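Undergrad: Starting off with a structure, shown below.
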Amino acid sequence: MTKCIMVQGTSSNAGKSMLVAALCRIYKTRGYKVAPFKSQNMSLNSFTTKENGEIGIAQMLQAEAAMIEPSIHMNPVLLKPKGDFTSNVIIQGKSIGDMNFYDYQHKYHDTALNAIKESFDILSKDYDIIIIEGAGSPAEINMRDQDIANMEIAHMADANVILIADIEMGGVFAAIAGTYVLLDDYDRSRLKATVINKFRGNLDILKPGLDRIEEITGEPVLGVLPYDETLKLPEEDSASLTTHVFEEDKDITIGVIRLPKIANFTDIDPFEYESDVALKMIGVNDDIGDVDAILIPGTRNATGDMFELRESGLADKIIEKSSEIPIVGICGGLQILGNVIHDEEKRESKHGTIKGLGLLDIESSFSRQGKIVTQSTATIPDNLEGLAGEIFKDIAGEEVTGYEIHEGTTELFNSTALLNIKTGQGNNEDGLLDGASNGNAFATYFHGIFHNYNFRREFLNYIRAKKGLEAKYGEDPYKTQKDYSLNRLAEIVEEHLDMDIIDELIFGKKD
């Protein structure tokens, strides 16, 4: 019979996702078949699974920690905010449309809950242990009757709950005690232990508070997890971009346009692992400054963000820079780099059809063909024009992988395709070509394109050569560091938490 445990938080970003990932790796290493599960997630960072469905990027990472293939059943409900209290609702990997908060809560609650139960049952047949992640806080007492993310799921799965709290946010003891107090007896009966996360300092100073919290809750504090700056793992929340620190002493600087509706920004993650590369987040009202390349990432609203680029004047600054340095677009960034984004029905925003930056001779259109969601493979053509042809000439013919999540198609005019599709959708219904290249600009619909080490290496080595720096080869630092981080995360949890109690919470007390 499948065993379960659930991690809930006193707030969003308390450390739930990372603790679930750590437990997935720990029990996988012990020889169990382990799967992560998050019934409902709200995130703009999503991943395409083998079923060609969308899940939150955190569940992809947790599956990687468990050393299994991600599945839509690990995150059966995904909400992708679009603004104005409206989200794209994705159930078991497929979009069922955009809806406001009220309609979702009152008209689709049962549909979502039924999908959650079905997905949980499917996982239960294949795995020994399911590590469940909650969402936000379980103490949202104003919405308890609509809950399908926290205590309702704990009861459904018959799972004991570990409550994790982030000490960096302040008021950690009040957050823990308050959560216990606000829950009724039925829900409180599921809370079995507490963890404090992100601690820096002398643990002896904290100990009286830990003892008092155990008195108040009647449950053990499993331990205190230290803040470890060596860990580098994908972030799920776009709020993480506001705390990004630009390291000015690096040899290479890549400017990343922080679009107002930025999405799938984990596309830039691999650059964070390159020792000589700094990422500079550039808001619409910021100066670009001295950068070696500009990357325009994905967005949940290409026409709205293009309007903001024009209004702020940043569009003109990007165009000016395009004569000097590479300009790269991914997904919505591809559409923004073109001549026109056609949106006569105003599906993307109130701005409708809008002129793009005009750096690629392409036009993109939104229609009612639905969202394209697929894992994709392609090869790099040997006839690439423009700067991309120079950059990638030594890996022409090589295969790259990625995943596509986009509405809209793109027509090439005098631009050449960046990739030849093997599997996936790419620019249009033919499914033969993806992306575009001419001049110093190139772009693709492939999320994860820079996760392909050879593609990223050639791009960076071109910049290194331009700056008189030595080319780099060898192992992929992104893969190496991410593997290290997952293993180190598991080690930290085993070192600092009482694993005997966690074992009991999962398997029951030994006779």
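Just so we're on the same page: first chain in the structure tokens is A, next is B, and so on; residues restart at 1 for each chain, and ligands are numbered from 1 in the order they show up.
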I'd like the contact shell of Asn142 of chain A - 12 Å cut-off, only C-alpha atoms, skipping same-chain residues fewer than 4 positions apart - returned as a ChimeraX atom specification.
TA: /A:137-138,146-147,182-183
Undergrad: Quick one: residues within 10 Å of Leu309 of chain A, only C-alpha atoms, excluding same-chain residues fewer than 2 positions away - as a compact mmCIF listing (two decimals) with C-alpha atoms, in the first residue's frame?
TA:
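Contents of around.txt, as written:
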# COMPACT_ATOMS: atom_id res chain seq x y z
CA ILE A 257 14.47 41.91 -20.44
CA LEU A 259 8.92 41.80 -19.26
CA PRO A 260 5.94 42.88 -17.14
CA GLY A 283 12.98 46.38 -16.43
CA VAL A 284 11.02 48.39 -18.95
CA ASN A 285 12.13 51.64 -17.31
CA THR A 303 1.07 42.09 -27.26
CA GLY A 304 0.69 43.74 -23.86
CA ASP A 305 4.43 43.51 -23.17
CA MET A 306 5.28 44.78 -26.66
CA PHE A 307 3.08 47.80 -25.94
CA GLU A 311 5.67 53.13 -24.32
CA SER A 312 8.73 53.00 -22.06
CA GLY A 313 11.22 53.60 -24.85
CA LEU A 314 13.02 50.33 -24.15
CA ALA A 315 12.03 49.03 -27.59
CA ASP A 316 14.13 51.72 -29.28
CA LYS A 317 17.07 50.97 -26.99
CA ILE A 318 16.95 47.26 -27.88
CA ILE A 336 8.12 40.40 -29.99
CA GLY A 356 6.96 44.25 -33.01
CA LEU A 357 10.60 45.26 -32.81
Undergrad: Run DSSP on the backbone and tell me which residues of segment 377-510 of chain A come out as strand (DSSP E or B); list them as an NGL selection string.
TA: :A and (377-379 or 399-406 or 409-412 or 416 or 419-423 or 433-434 or 436-438 or 441-444 or 447 or 497)
Undergrad: For atom CA of Ile254 of chain A and atom CA of Asp287 of chain A, determine how far apart the two atoms are, in Å to one decimal place.
TA: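 According to the coordinates, atom CA of Ile254 of chain A and atom CA of Asp287 of chain A are separated by 13.5 Å.
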Undergrad: By how many Å are atom CA of Leu78 of chain A and atom CA of Ala159 of chain A apart?
TA: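 A separation of 21.7 Å between them.
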Undergrad: As number ranges by chain, please: the residues near Pro220 of chain A (cut-off 8 Å, only C-alpha atoms, same-chain neighbours under 3 positions excluded).
TA: A: 192-194, 214
Undergrad: Against segment 488-498 of chain A, which residues of segment 226-337 of chain A fall within 12 Å? For each one I want the closest pair of atoms and the distance in Å (one decimal), counting only C-alpha atoms, rows by chain and increasing residue number, as a tab-separated table.
TA:
residue	atom	partner	partner_atom	distance
A:Pro226	CA	A:Ile492	CA	8.0
A:Tyr227	CA	A:Ile492	CA	9.8
A:Asp228	CA	A:Leu489	CA	8.9
A:Glu229	CA	A:Leu489	CA	11.2
A:Thr230	CA	A:Arg488	CA	9.0
A:Leu231	CA	A:Leu489	CA	7.4
A:Lys232	CA	A:Leu489	CA	9.9
A:Leu233	CA	A:Leu489	CA	9.9
Undergrad: Could you give me, as a VMD selection string, the residues within 10 Å of Ala278 of chain A, counting only C-alpha atoms and dropping anything in the same chain fewer than 5 positions from it?
TA: chain A and resid 245 to 255 271 to 273 291
Undergrad: Just give me the gap between atom CA of Ile205 of chain A and atom CA of Glu219 of chain A in Å, one decimal is fine.
TA: 20.5 Å
